[in-house]
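The next block is input20.txt, given as compact mmCIF, C-alpha atoms.
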```txt
# COMPACT_ATOMS: atom_id res chain seq x y z
CA MET A 1425 -86.43 106.96 -43.85
CA GLU A 1426 -83.94 107.21 -41.01
CA THR A 1427 -80.86 109.23 -41.86
CA VAL A 1428 -77.64 107.26 -41.64
CA LYS A 1429 -75.22 109.11 -39.38
CA PRO A 1430 -71.63 109.54 -40.48
CA THR A 1431 -68.76 107.51 -39.13
CA ILE A 1432 -66.25 109.40 -37.01
CA GLY A 1433 -62.58 108.62 -36.61
CA ILE A 1434 -61.30 109.82 -33.24
CA VAL A 1435 -57.54 110.21 -33.32
CA GLY A 1436 -56.39 109.81 -29.73
CA GLY A 1437 -57.67 107.34 -27.17
CA GLY A 1438 -56.92 109.17 -23.94
CA VAL A 1439 -59.63 110.20 -21.52
CA VAL A 1440 -60.94 113.01 -23.75
CA GLY A 1441 -61.06 110.79 -26.84
CA LEU A 1442 -62.77 107.90 -25.07
CA CYS A 1443 -65.36 110.17 -23.45
CA CYS A 1444 -66.08 111.69 -26.85
CA ALA A 1445 -66.43 108.19 -28.30
CA VAL A 1446 -69.03 107.19 -25.70
CA ALA A 1447 -71.00 110.42 -26.21
CA LEU A 1448 -71.01 110.04 -30.01
CA LEU A 1449 -71.89 106.35 -29.92
CA ASP A 1450 -74.82 107.16 -27.64
CA ARG A 1451 -76.03 109.54 -30.37
CA GLY A 1452 -75.91 106.79 -32.97
CA TYR A 1453 -72.66 107.58 -34.76
CA GLY A 1454 -70.25 104.93 -35.91
CA VAL A 1455 -66.94 105.48 -34.12
CA SER A 1456 -63.40 104.23 -34.50
CA VAL A 1457 -60.81 105.35 -31.93
CA PHE A 1458 -57.20 105.35 -33.10
CA GLU A 1459 -54.69 105.22 -30.24
CA ARG A 1460 -50.94 104.98 -30.86
CA ASP A 1461 -50.08 103.62 -27.39
CA ALA A 1462 -51.43 100.53 -25.68
CA ASP A 1463 -49.55 100.79 -22.38
CA TYR A 1464 -51.72 103.36 -20.53
CA ASN A 1465 -48.67 105.54 -20.04
CA ALA A 1466 -50.17 108.82 -21.28
CA ALA A 1467 -51.00 111.77 -19.05
CA SER A 1468 -54.66 110.67 -19.03
CA TRP A 1469 -53.73 107.65 -16.91
CA GLY A 1470 -50.84 109.05 -14.83
CA ASN A 1471 -52.32 112.27 -13.46
CA ALA A 1472 -53.38 113.12 -9.92
CA GLY A 1473 -56.92 111.80 -10.41
CA HIS A 1474 -58.25 115.14 -9.15
CA ILE A 1475 -61.46 116.60 -10.61
CA ALA A 1476 -60.30 120.17 -10.20
CA VAL A 1477 -63.48 122.22 -10.49
CA GLU A 1478 -61.81 124.97 -8.46
CA GLN A 1479 -59.18 125.77 -11.11
CA VAL A 1480 -61.15 128.32 -13.09
CA GLU A 1481 -58.29 130.83 -13.25
CA PRO A 1482 -55.86 130.01 -16.07
CA LEU A 1483 -52.18 129.83 -15.20
CA ALA A 1484 -51.52 132.42 -17.91
CA SER A 1485 -51.81 135.30 -15.46
CA PRO A 1486 -49.85 138.30 -14.19
CA SER A 1487 -49.51 136.76 -10.72
CA VAL A 1488 -48.05 133.52 -12.05
CA LEU A 1489 -45.52 135.42 -14.17
CA LYS A 1490 -44.38 137.38 -11.11
CA SER A 1491 -43.90 134.16 -9.17
CA VAL A 1492 -41.71 132.42 -11.78
CA PRO A 1493 -38.33 133.04 -10.06
CA ASN A 1494 -39.57 131.39 -6.85
CA ARG A 1495 -41.15 128.52 -8.77
CA LEU A 1496 -37.97 127.43 -10.58
CA PHE A 1497 -36.73 123.93 -9.84
CA SER A 1498 -33.29 125.32 -9.06
CA ALA A 1499 -34.90 127.45 -6.31
CA GLY A 1500 -36.72 124.47 -4.82
CA GLY A 1501 -39.89 125.00 -6.85
CA VAL A 1502 -41.82 122.96 -9.38
CA LEU A 1503 -41.06 124.76 -12.66
CA GLY A 1504 -38.50 123.01 -14.83
CA LEU A 1505 -36.99 124.80 -17.85
CA PRO A 1506 -34.37 122.33 -19.11
CA PRO A 1507 -31.64 124.16 -21.05
CA SER A 1508 -31.44 121.24 -23.49
CA MET A 1509 -35.10 121.87 -24.42
CA ALA A 1510 -34.90 125.66 -24.68
CA ARG A 1511 -35.84 125.63 -28.36
CA ARG A 1512 -39.15 124.11 -27.26
CA TRP A 1513 -40.00 126.30 -24.30
CA LEU A 1514 -38.62 129.70 -25.32
CA PRO A 1515 -41.24 130.31 -28.06
CA PHE A 1516 -43.95 128.98 -25.75
CA ALA A 1517 -42.76 131.26 -22.94
CA ALA A 1518 -42.99 134.30 -25.21
CA ARG A 1519 -46.57 133.43 -26.11
CA LEU A 1520 -47.39 132.74 -22.45
CA VAL A 1521 -46.17 136.21 -21.48
CA ALA A 1522 -48.32 137.75 -24.23
CA ALA A 1523 -51.35 135.78 -23.00
CA SER A 1524 -50.87 136.83 -19.37
CA THR A 1525 -52.20 140.37 -19.53
CA PRO A 1526 -54.98 141.29 -17.08
CA ALA A 1527 -57.50 141.51 -19.92
CA ARG A 1528 -56.66 138.11 -21.39
CA PHE A 1529 -56.54 136.54 -17.93
CA ALA A 1530 -60.03 137.87 -17.22
CA ALA A 1531 -61.28 136.56 -20.56
CA GLY A 1532 -59.70 133.16 -19.90
CA THR A 1533 -61.32 132.94 -16.48
CA ALA A 1534 -64.68 133.83 -18.00
CA ALA A 1535 -64.23 131.10 -20.62
CA LEU A 1536 -63.18 128.38 -18.17
CA THR A 1537 -65.83 129.14 -15.54
CA PRO A 1538 -68.83 127.57 -17.33
CA LEU A 1539 -66.72 124.64 -18.52
CA LEU A 1540 -65.69 123.80 -14.98
CA ALA A 1541 -69.19 124.40 -13.66
CA GLY A 1542 -70.34 121.61 -15.95
CA ALA A 1543 -67.51 119.23 -15.07
CA MET A 1544 -68.95 117.41 -12.06
CA PRO A 1545 -72.49 117.05 -13.49
CA ALA A 1546 -70.95 115.62 -16.66
CA TRP A 1547 -68.90 113.15 -14.64
CA ARG A 1548 -72.02 112.01 -12.78
CA ASP A 1549 -73.81 111.48 -16.07
CA LEU A 1550 -70.87 109.58 -17.54
CA VAL A 1551 -70.33 107.11 -14.70
CA ALA A 1552 -74.07 106.41 -14.74
CA ALA A 1553 -74.01 105.85 -18.51
CA ILE A 1554 -71.10 103.39 -18.29
CA ASP A 1555 -72.52 101.76 -15.15
CA ALA A 1556 -69.48 102.55 -13.01
CA PRO A 1557 -70.65 104.89 -10.23
CA GLY A 1558 -67.86 103.71 -7.93
CA LEU A 1559 -65.27 105.39 -10.15
CA LEU A 1560 -66.36 108.84 -9.01
CA ARG A 1561 -65.64 110.06 -5.50
CA GLU A 1562 -67.01 113.44 -4.41
CA GLU A 1563 -65.32 113.96 -1.05
CA GLY A 1564 -63.50 117.12 -2.18
CA HIS A 1565 -59.82 117.55 -1.39
CA ILE A 1566 -57.59 118.86 1.40
CA LEU A 1567 -54.94 121.57 1.26
CA VAL A 1568 -52.23 121.61 3.93
CA TRP A 1569 -49.53 124.13 4.86
CA ASP A 1570 -46.38 123.39 6.85
CA SER A 1571 -46.37 126.53 9.00
CA ALA A 1572 -48.77 129.08 10.43
CA ALA A 1573 -47.10 131.80 8.35
CA SER A 1574 -47.54 129.99 5.04
CA ALA A 1575 -51.10 129.07 6.07
CA LYS A 1576 -51.94 132.74 6.64
CA THR A 1577 -50.51 133.73 3.27
CA GLY A 1578 -52.19 130.81 1.53
CA ARG A 1579 -55.60 131.49 3.03
CA GLN A 1580 -55.39 135.12 1.94
CA ARG A 1581 -54.46 134.10 -1.59
CA TRP A 1582 -57.28 131.58 -1.87
CA SER A 1583 -59.75 134.14 -0.51
CA ARG A 1584 -58.94 136.29 -3.57
CA THR A 1585 -59.05 133.41 -6.05
CA ALA A 1586 -62.08 132.52 -8.14
CA ILE A 1587 -62.92 128.86 -7.45
CA GLY A 1588 -66.10 128.37 -9.45
CA THR A 1589 -68.55 125.90 -7.94
CA ALA A 1590 -66.12 124.72 -5.25
CA ARG A 1591 -66.27 125.99 -1.69
CA ILE A 1592 -63.63 126.30 1.06
CA VAL A 1593 -64.17 125.40 4.70
CA ASP A 1594 -61.76 125.10 7.60
CA ALA A 1595 -60.40 121.63 8.17
CA GLU A 1596 -62.42 120.16 11.02
CA PRO A 1597 -60.64 118.74 14.10
CA GLU A 1598 -61.44 115.17 13.09
CA LEU A 1599 -59.74 115.69 9.74
CA LEU A 1600 -56.67 117.14 11.42
CA ARG A 1601 -56.60 114.13 13.72
CA ARG A 1602 -56.58 111.84 10.70
CA LEU A 1603 -53.49 113.69 9.46
CA GLY A 1604 -51.67 112.80 12.66
CA PHE A 1605 -49.26 110.57 10.75
CA LEU A 1606 -47.38 113.66 9.51
CA ALA A 1607 -43.91 114.14 10.97
CA ASP A 1608 -44.68 117.69 12.11
CA PRO A 1609 -47.93 119.31 13.24
CA VAL A 1610 -49.96 120.87 10.45
CA GLY A 1611 -49.46 124.64 10.21
CA GLY A 1612 -52.90 125.04 8.71
CA ALA A 1613 -55.38 123.20 6.54
CA ILE A 1614 -58.53 123.85 4.56
CA ARG A 1615 -60.93 121.53 2.82
CA PHE A 1616 -62.45 122.09 -0.60
CA THR A 1617 -65.95 120.81 -1.21
CA GLY A 1618 -67.46 120.31 -4.65
CA SER A 1619 -64.29 118.80 -6.13
CA GLY A 1620 -63.62 115.07 -6.41
CA GLN A 1621 -61.41 112.33 -7.73
CA ILE A 1622 -61.41 109.23 -9.88
CA ALA A 1623 -61.03 106.17 -7.68
CA ASP A 1624 -58.70 104.35 -10.07
CA LEU A 1625 -57.30 105.64 -13.37
CA ARG A 1626 -56.48 102.26 -14.90
CA GLN A 1627 -60.00 101.04 -14.15
CA LEU A 1628 -61.35 104.22 -15.73
CA ALA A 1629 -59.36 103.50 -18.89
CA THR A 1630 -60.47 99.90 -19.23
CA THR A 1631 -64.09 100.72 -18.33
CA LEU A 1632 -64.27 103.45 -20.96
CA GLU A 1633 -62.73 101.17 -23.57
CA ALA A 1634 -65.21 98.43 -22.71
CA ALA A 1635 -68.07 100.95 -22.96
CA VAL A 1636 -66.91 102.01 -26.42
CA GLU A 1637 -66.74 98.42 -27.66
CA ALA A 1638 -70.05 97.46 -26.01
CA ARG A 1639 -71.70 100.26 -27.99
CA GLY A 1640 -70.29 98.98 -31.26
CA GLY A 1641 -67.26 101.24 -31.49
CA ARG A 1642 -63.77 100.13 -32.49
CA ILE A 1643 -60.46 100.79 -30.76
CA VAL A 1644 -57.55 100.52 -33.16
CA HIS A 1645 -54.04 100.57 -31.71
CA GLY A 1646 -51.31 102.09 -33.82
CA GLY A 1647 -50.40 105.45 -35.28
CA VAL A 1648 -52.34 107.08 -38.10
CA HIS A 1649 -51.50 109.59 -40.80
CA LEU A 1650 -53.81 112.46 -41.69
CA ILE A 1651 -53.88 113.60 -45.32
CA ASP A 1652 -55.24 116.81 -46.81
CA GLY A 1653 -57.72 115.53 -49.36
CA GLY A 1654 -58.64 118.91 -50.80
CA GLY A 1655 -60.96 120.51 -48.29
CA ARG A 1656 -61.39 117.29 -46.32
CA ILE A 1657 -59.13 115.23 -44.08
CA VAL A 1658 -58.47 111.58 -44.85
CA VAL A 1659 -57.25 109.07 -42.28
CA ALA A 1660 -54.85 107.01 -44.36
CA GLY A 1661 -56.00 103.40 -44.63
CA HIS A 1662 -59.33 103.96 -42.90
CA ASP A 1663 -62.79 104.85 -44.18
CA VAL A 1664 -64.32 107.53 -41.95
CA ASP A 1665 -66.52 110.49 -42.80
CA GLN A 1666 -65.40 112.89 -40.08
CA VAL A 1667 -62.19 113.23 -38.09
CA LEU A 1668 -61.96 114.34 -34.46
CA VAL A 1669 -58.43 114.99 -33.18
CA THR A 1670 -58.13 114.33 -29.43
CA ALA A 1671 -54.49 113.27 -29.37
CA GLY A 1672 -53.32 115.46 -26.51
CA VAL A 1673 -49.74 116.60 -26.89
CA ARG A 1674 -49.47 114.63 -30.16
CA SER A 1675 -52.15 116.80 -31.77
CA ARG A 1676 -49.53 119.36 -32.78
CA ASP A 1677 -47.64 116.89 -34.94
CA LEU A 1678 -50.89 115.77 -36.57
CA LEU A 1679 -52.27 119.21 -37.40
CA GLU A 1680 -49.32 121.46 -38.17
CA PRO A 1681 -48.44 119.61 -41.42
CA LEU A 1682 -52.03 120.38 -42.49
CA GLY A 1683 -51.51 124.13 -42.06
CA TYR A 1684 -52.74 124.70 -38.51
CA ARG A 1685 -50.82 126.67 -35.92
CA VAL A 1686 -50.73 124.69 -32.67
CA PRO A 1687 -48.31 126.44 -30.28
CA MET A 1688 -48.53 123.66 -27.72
CA ILE A 1689 -45.87 122.58 -25.24
CA ALA A 1690 -45.36 119.28 -23.49
CA GLU A 1691 -45.86 120.27 -19.86
CA ARG A 1692 -44.22 117.29 -18.23
CA GLY A 1693 -45.34 116.07 -14.84
CA TYR A 1694 -43.80 113.41 -12.60
CA HIS A 1695 -45.22 110.96 -10.11
CA ILE A 1696 -44.12 108.15 -7.84
CA ARG A 1697 -46.41 105.32 -6.78
CA ALA A 1698 -46.18 102.68 -4.09
CA ARG A 1699 -48.40 100.12 -2.43
CA ALA A 1700 -51.21 101.71 -0.44
CA ASP A 1701 -50.89 99.43 2.61
CA GLY A 1702 -50.24 102.23 5.12
CA TRP A 1703 -52.39 104.98 3.60
CA PRO A 1704 -55.93 105.59 4.93
CA ALA A 1705 -58.39 104.36 2.31
CA ASP A 1706 -60.93 107.12 2.97
CA LEU A 1707 -58.71 110.20 2.70
CA PRO A 1708 -59.40 112.39 -0.34
CA PRO A 1709 -56.50 113.89 -2.33
CA ILE A 1710 -54.18 116.03 -0.20
CA VAL A 1711 -52.31 119.01 -1.62
CA PHE A 1712 -49.15 119.90 0.30
CA GLU A 1713 -48.99 123.45 -0.99
CA ASP A 1714 -45.60 124.42 0.42
CA CYS A 1715 -43.93 121.73 -1.69
CA SER A 1716 -46.52 121.80 -4.53
CA MET A 1717 -47.25 118.08 -4.26
CA ILE A 1718 -50.57 116.26 -4.42
CA VAL A 1719 -51.00 112.81 -2.89
CA THR A 1720 -53.86 110.58 -4.08
CA ARG A 1721 -55.00 107.19 -2.88
CA TYR A 1722 -56.13 104.86 -5.66
CA ALA A 1723 -57.55 101.35 -5.39
CA ASP A 1724 -54.28 99.56 -4.67
CA CYS A 1725 -51.62 102.28 -4.66
CA VAL A 1726 -50.87 105.76 -3.38
CA GLN A 1727 -49.35 108.38 -5.65
CA ALA A 1728 -47.38 111.58 -5.07
CA ALA A 1729 -47.25 113.94 -8.06
CA SER A 1730 -45.73 117.30 -8.90
CA PHE A 1731 -43.72 119.44 -11.34
CA VAL A 1732 -44.30 121.56 -14.40
CA GLU A 1733 -41.42 120.87 -16.78
CA LEU A 1734 -41.68 122.51 -20.19
CA GLY A 1735 -40.05 120.64 -23.02
CA ASP A 1736 -40.06 117.72 -25.43
CA PRO A 1737 -42.66 114.99 -24.88
CA ASP A 1738 -40.10 112.39 -25.92
CA GLY A 1739 -37.08 113.84 -24.13
CA PRO A 1740 -35.46 111.87 -21.33
CA PRO A 1741 -36.89 112.37 -17.83
CA ASP A 1742 -35.00 114.18 -15.10
CA PRO A 1743 -34.40 111.69 -12.23
CA ARG A 1744 -33.82 114.57 -9.81
CA LYS A 1745 -37.54 115.25 -9.84
CA TRP A 1746 -38.40 111.72 -8.72
CA ASP A 1747 -35.68 112.02 -6.07
CA ARG A 1748 -37.24 115.23 -4.79
CA LEU A 1749 -40.69 113.63 -4.63
CA GLU A 1750 -39.26 110.79 -2.56
CA HIS A 1751 -37.54 113.35 -0.33
CA HIS A 1752 -40.86 115.16 0.24
CA VAL A 1753 -42.56 111.87 1.12
CA ARG A 1754 -39.87 111.08 3.70
CA SER A 1755 -39.60 114.55 5.20
CA LEU A 1756 -43.36 114.87 5.62
CA GLY A 1757 -43.51 111.48 7.30
CA LEU A 1758 -46.07 110.11 4.86
CA PRO A 1759 -46.94 106.43 5.38
CA ILE A 1760 -45.76 105.47 1.91
CA GLU A 1761 -43.18 102.71 1.64
CA GLY A 1762 -41.11 101.96 -1.46
CA PRO A 1763 -40.14 100.54 -3.81
CA PHE A 1764 -41.54 103.35 -5.91
CA GLU A 1765 -42.83 103.12 -9.44
CA ARG A 1766 -41.66 106.19 -11.37
CA TRP A 1767 -43.59 107.90 -14.18
CA MET A 1768 -43.29 111.00 -16.34
CA GLY A 1769 -45.98 112.20 -18.74
CA ALA A 1770 -46.76 115.24 -20.84
CA ARG A 1771 -49.78 117.49 -20.33
CA PRO A 1772 -50.88 119.20 -23.58
CA THR A 1773 -50.72 122.93 -22.84
CA LEU A 1774 -51.47 125.92 -25.04
CA PRO A 1775 -49.98 129.30 -24.07
CA ASP A 1776 -53.24 130.87 -22.87
CA TYR A 1777 -54.06 127.76 -20.79
CA LEU A 1778 -57.37 127.27 -22.59
CA PRO A 1779 -58.19 124.08 -24.49
CA ALA A 1780 -58.77 123.89 -28.23
CA ILE A 1781 -62.34 122.72 -28.90
CA GLY A 1782 -64.06 123.38 -32.21
CA ARG A 1783 -64.41 122.68 -35.93
CA SER A 1784 -62.12 123.62 -38.74
CA THR A 1785 -63.22 126.26 -41.24
CA ARG A 1786 -60.69 124.94 -43.76
CA HIS A 1787 -61.43 121.21 -43.70
CA ALA A 1788 -65.15 120.54 -43.60
CA ASN A 1789 -64.88 117.20 -41.82
CA LEU A 1790 -62.27 118.07 -39.17
CA ALA A 1791 -62.98 118.79 -35.50
CA TYR A 1792 -60.69 118.86 -32.48
CA ALA A 1793 -60.64 118.71 -28.67
CA PHE A 1794 -57.20 118.86 -27.05
CA GLY A 1795 -54.89 121.12 -25.06
CA HIS A 1796 -56.68 120.78 -21.72
CA GLN A 1797 -53.42 121.32 -19.74
CA HIS A 1798 -53.96 120.27 -16.08
CA LEU A 1799 -57.71 119.84 -16.65
CA GLY A 1800 -57.92 116.97 -19.12
CA LEU A 1801 -59.39 114.53 -16.63
CA THR A 1802 -61.63 117.18 -15.10
CA LEU A 1803 -63.06 118.39 -18.41
CA ALA A 1804 -63.19 115.19 -20.46
CA PRO A 1805 -66.92 114.37 -20.04
CA VAL A 1806 -68.16 117.95 -20.41
CA THR A 1807 -65.93 118.38 -23.46
CA ALA A 1808 -67.48 115.22 -24.90
CA THR A 1809 -71.02 116.55 -24.52
CA LEU A 1810 -70.05 119.81 -26.22
CA VAL A 1811 -68.29 118.04 -29.08
CA ALA A 1812 -71.22 115.68 -29.62
CA ALA A 1813 -73.64 118.61 -29.80
CA MET A 1814 -71.34 120.50 -32.15
CA LEU A 1815 -70.97 117.56 -34.54
CA ALA A 1816 -74.73 117.03 -34.52
CA GLY A 1817 -75.22 120.60 -35.71
CA GLU A 1818 -76.70 121.74 -32.42
CA THR A 1819 -75.72 124.82 -30.44
CA PRO A 1820 -73.43 123.63 -27.61
CA ALA A 1821 -74.56 124.55 -24.10
CA ILE A 1822 -71.33 126.53 -23.61
CA PRO A 1823 -70.00 128.92 -26.28
CA LEU A 1824 -66.96 127.42 -27.98
CA ALA A 1825 -65.62 130.60 -29.60
CA PRO A 1826 -62.95 131.16 -26.88
CA PHE A 1827 -61.55 127.71 -27.61
CA ASP A 1828 -61.31 128.00 -31.40
CA LEU A 1829 -57.87 126.96 -32.61
CA ASP A 1830 -57.83 129.83 -35.10
CA ARG A 1831 -57.22 132.20 -32.17
CA PHE A 1832 -53.56 131.40 -32.84
CA GLY A 1833 -53.81 132.26 -36.54
CA ARG A 1834 -52.79 130.16 -39.50
CA LYS A 1835 -49.45 128.45 -39.70
CA GLY A 1836 -46.97 130.30 -41.86
CA PRO A 1837 -43.79 128.97 -43.47
CA HIS A 1838 -41.65 129.93 -40.45
CA ALA A 1839 -44.16 129.36 -37.62
```

Encoding of this model in structure tokens:
Amino acid sequence: METVKPTIGIVGGGVVGLCCAVALLDRGYGVSVFERDADYNAASWGNAGHIAVEQVEPLASPSVLKSVPNRLFSAGGVLGLPPSMARRWLPFAARLVAASTPARFAAGTAALTPLLAGAMPAWRDLVAAIDAPGLLREEGHILVWDSAASAKTGRQRWSRTAIGTARIVDAEPELLRRLGFLADPVGGAIRFTGSGQIADLRQLATTLEAAVEARGGRIVHGGVHLIDGGGRIVVAGHDVDQVLVTAGVRSRDLLEPLGYRVPMIAERGYHIRARADGWPADLPPIVFEDCSMIVTRYADCVQAASFVELGDPDGPPDPRKWDRLEHHVRSLGLPIEGPFERWMGARPTLPDYLPAIGRSTRHANLAYAFGHQHLGLTLAPVTATLVAAMLAGETPAIPLAPFDLDRFGRKGPHA
């Protein structure tokens, strides 16, 4: 007699949750995805679209800590620490400092390296499974510097940086010619190979949702409440056997009342979008490193994105950051014409810049996959394959011990 597989309630319908849903449905599980928002406004659908296989070094590092003064928004950089949100970011900052020792940085790099090595193969498998190969573009990305001096410094820094399966080559003359629309000559440029992008984030969202429903899964819009049922978690009002929390920055509010310590911050990013009429359709994402901005062409729009603002996911946005993005677009001479659509969204970031992927030892039916910081889009399909193996009782292809949520300890009364 065939064993009936349990039903799984996935709490969070962003890119990680939907990829997990497809992977679990393909293994024969019954799946319901619970998503509080229906407007595609989460970080999953507002990011740079970049499959960042080169980012194997976590941002919790000694070098990043040393660079903080120059990175502050007030100094022209991308790091925002709003005074009104200090109660949010001060505890996170203390944990980040503790996680940024050379030993922990090395351990974090070792943990992220195999995850990122599996990212692009997992994306290829996913777009084939959902019959949407056109969503994945593998043309790499370009990194540009304004001056020869910053190019020299940048090249030296990247030569010392672990980049996993990606490779760096000099920007060829033809590529530089295609960047001739810039207001000033390029000071230097390199091209990364092995990375990629998603051709259109909204299409990715709707295609994944359609794939879930075509496989017999359900997508339920609206918030849910998790209840401690005495060793098991209950999704109030819904009959599921297992619970998988993939709610991004909202995972903290779901799990901390159940006794878990989730020292996660909303790492808020900003973008502006405009019609893509003047932007070359075949250019891959371009990183303008001197102003820490990435520009991505999607199907019908072009987007400029930047900023790392630590704070409250529901706090008001800072319009100065959109203004600065528009200033960068103008000063660089980018062929992007307004009016601009403005967006702000919150990346879910844990202080060691590693995701949380694993199973609870306190609630037998609870698993989780969140906290992917800047790498949620990049790591969604490979995370899904690991979660599906874990829930099936198999040994995941990549050890999950470094991503266990219990690395932060149990939540105490004053945590």

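You can rank A:Glu1563, A:Glu1765, A:Glu1478, A:Asp1724 by their closest distance to Arg1591 of chain A using all atoms listed in the file, and at the top of that list sits A:Glu1478.
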
Each segment 1456-1521 of chain A residue no farther than 10 Å from segment 1643-1665 of chain A, nearest pair in Å, only C-alpha atoms, as a Markdown table:
```
| residue | atom | partner | partner_atom | distance |
| --- | --- | --- | --- | --- |
| A:Ser1456 | CA | A:Ile1643 | CA | 5.9 |
| A:Val1457 | CA | A:Ile1643 | CA | 4.7 |
| A:Phe1458 | CA | A:Val1644 | CA | 4.8 |
| A:Glu1459 | CA | A:His1645 | CA | 4.9 |
| A:Arg1460 | CA | A:Gly1646 | CA | 4.2 |
| A:Asp1461 | CA | A:His1645 | CA | 6.6 |
| A:Ala1462 | CA | A:His1645 | CA | 6.6 |
```

For the residues in the current selection, export C-alpha atoms as a CSV table (one decimal), in the frame of the given file.
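Writing done, so here's part02.csv:
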```csv
chain,number,residue,atom,x,y,z
A,1456,SER,CA,-63.4,104.2,-34.5
A,1457,VAL,CA,-60.8,105.4,-31.9
A,1458,PHE,CA,-57.2,105.4,-33.1
A,1459,GLU,CA,-54.7,105.2,-30.2
A,1460,ARG,CA,-50.9,105.0,-30.9
A,1461,ASP,CA,-50.1,103.6,-27.4
A,1462,ALA,CA,-51.4,100.5,-25.7
```

Grab the atom CA of Pro1763 of chain A to atom CA of Trp1469 of chain A distance for me, in Å with one decimal place.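 Taking atom CA of Pro1763 of chain A as the start and atom CA of Trp1469 of chain A as the end point, the length is 20.2 Å.
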
Tell me, in Å to one decimal, how far atom CA of Met1509 of chain A is from atom CA of Gly1735 of chain A.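 Distance reported for this atom pair: 5.3 Å.
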
Expected residue set, 9 Å radius at (-57.0, 116.0, -17.0), all atoms listed in the file, as a list of chain:residue names: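 Collected hits near the coordinates: A:Val1439, A:Val1440, A:Ala1467, A:Ser1468, A:Trp1469, A:Asn1471, A:Ala1472, A:Gly1473, A:His1474, A:Ile1475, A:Ala1476, A:Arg1771, A:His1796, A:Gln1797, A:His1798, A:Leu1799, A:Gly1800, A:Leu1801, A:Thr1802, A:Leu1803, A:Ala1804.
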
Selection export as a PDB file, in the coordinates of the input, atoms kept: C-alpha atoms:
```pdb
ATOM      1  CA  VAL A1439     -59.630 110.200 -21.520  1.00  0.00           C
ATOM      2  CA  VAL A1440     -60.940 113.010 -23.750  1.00  0.00           C
ATOM      3  CA  ALA A1467     -51.000 111.770 -19.050  1.00  0.00           C
ATOM      4  CA  SER A1468     -54.660 110.670 -19.030  1.00  0.00           C
ATOM      5  CA  TRP A1469     -53.730 107.650 -16.910  1.00  0.00           C
ATOM      6  CA  ASN A1471     -52.320 112.270 -13.460  1.00  0.00           C
ATOM      7  CA  ALA A1472     -53.380 113.120  -9.920  1.00  0.00           C
ATOM      8  CA  GLY A1473     -56.920 111.800 -10.410  1.00  0.00           C
ATOM      9  CA  HIS A1474     -58.250 115.140  -9.150  1.00  0.00           C
ATOM     10  CA  ILE A1475     -61.460 116.600 -10.610  1.00  0.00           C
ATOM     11  CA  ALA A1476     -60.300 120.170 -10.200  1.00  0.00           C
ATOM     12  CA  ARG A1771     -49.780 117.490 -20.330  1.00  0.00           C
ATOM     13  CA  HIS A1796     -56.680 120.780 -21.720  1.00  0.00           C
ATOM     14  CA  GLN A1797     -53.420 121.320 -19.740  1.00  0.00           C
ATOM     15  CA  HIS A1798     -53.960 120.270 -16.080  1.00  0.00           C
ATOM     16  CA  LEU A1799     -57.710 119.840 -16.650  1.00  0.00           C
ATOM     17  CA  GLY A1800     -57.920 116.970 -19.120  1.00  0.00           C
ATOM     18  CA  LEU A1801     -59.390 114.530 -16.630  1.00  0.00           C
ATOM     19  CA  THR A1802     -61.630 117.180 -15.100  1.00  0.00           C
ATOM     20  CA  LEU A1803     -63.060 118.390 -18.410  1.00  0.00           C
ATOM     21  CA  ALA A1804     -63.190 115.190 -20.460  1.00  0.00           C
TER      22      ALA A1804
END
```

State, in Å with one decimal place, the distance from atom CA of Leu1815 of chain A to atom CA of Phe1794 of chain A.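 Between these atoms lies a distance of 15.7 Å.
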
For Cys1444 of chain A, which residue out of A:Thr1819, A:Thr1577, A:Thr1809, A:Ser1730 is the nearest one, using only C-alpha atoms?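 Selected residue with least distance to Cys1444 of chain A: A:Thr1809.
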
I need the residue nearest Asp1624 of chain A from this list: A:Val1711, A:Ile1434, A:Leu1810, A:Ala1556. Use all atoms listed in the file for the distance.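 The closest residue to Asp1624 of chain A is A:Ala1556.
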
Counting only C-alpha atoms, find residues at most 10 Å from (-50.4, 112.0, -29.5) (file frame) and give them as an NGL selection string. :A and (1435-1438 or 1459-1461 or 1466 or 1647 or 1669-1678 or 1737 or 1770 or 1772 or 1794)

Pick the closest to Leu1514 of chain A from A:Met1814, A:Cys1725, A:Ile1822, A:Pro1687: which is it, counting only C-alpha atoms? A:Pro1687

Among listed residues A:Gly1757, A:Pro1515, A:Pro1823, A:Gly1441, nearest Pro1609 of chain A (using all atoms listed in the file):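 With all atoms listed in the file as the atom set, the closest residue is A:Gly1757.
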
With distances taken over all atoms listed in the file, the candidate from A:Leu1756, A:Leu1567, A:Ala1541, A:Met1688 nearest Glu1713 of chain A is A:Leu1567

Pick out the residues sitting within 12 Å of Leu1448 of chain A, and hand them over as a ChimeraX atom specification; count only C-alpha atoms, and ignore anything fewer than 2 positions along from it in its own chain. /A:1429-1434,1441-1446,1450-1457,1635-1636,1639-1641,1666,1668,1805,1807-1816

Quick one: residues within 8 Å of Tyr1777 of chain A, all atoms listed in the file, excluding same-chain residues fewer than 2 positions away - as a list in words? Pro1482, Leu1483, Ala1484, Gly1532, Thr1773, Leu1774, Pro1775, Pro1779, Gly1795, His1796 and Gln1797 of chain A

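Counting only C-alpha atoms, Arg1528 of chain A has the following residues at most 12 Å away, ignoring those fewer than 5 positions along the same chain: A:Glu1481, A:Pro1482, A:Leu1483, A:Ala1484, A:Ser1485, A:Pro1486, A:Leu1520, A:Val1521, A:Ala1522, A:Ala1523, A:Thr1533, A:Ala1534, A:Ala1535, A:Pro1775, A:Asp1776, A:Tyr1777, A:Leu1778, A:Pro1826.
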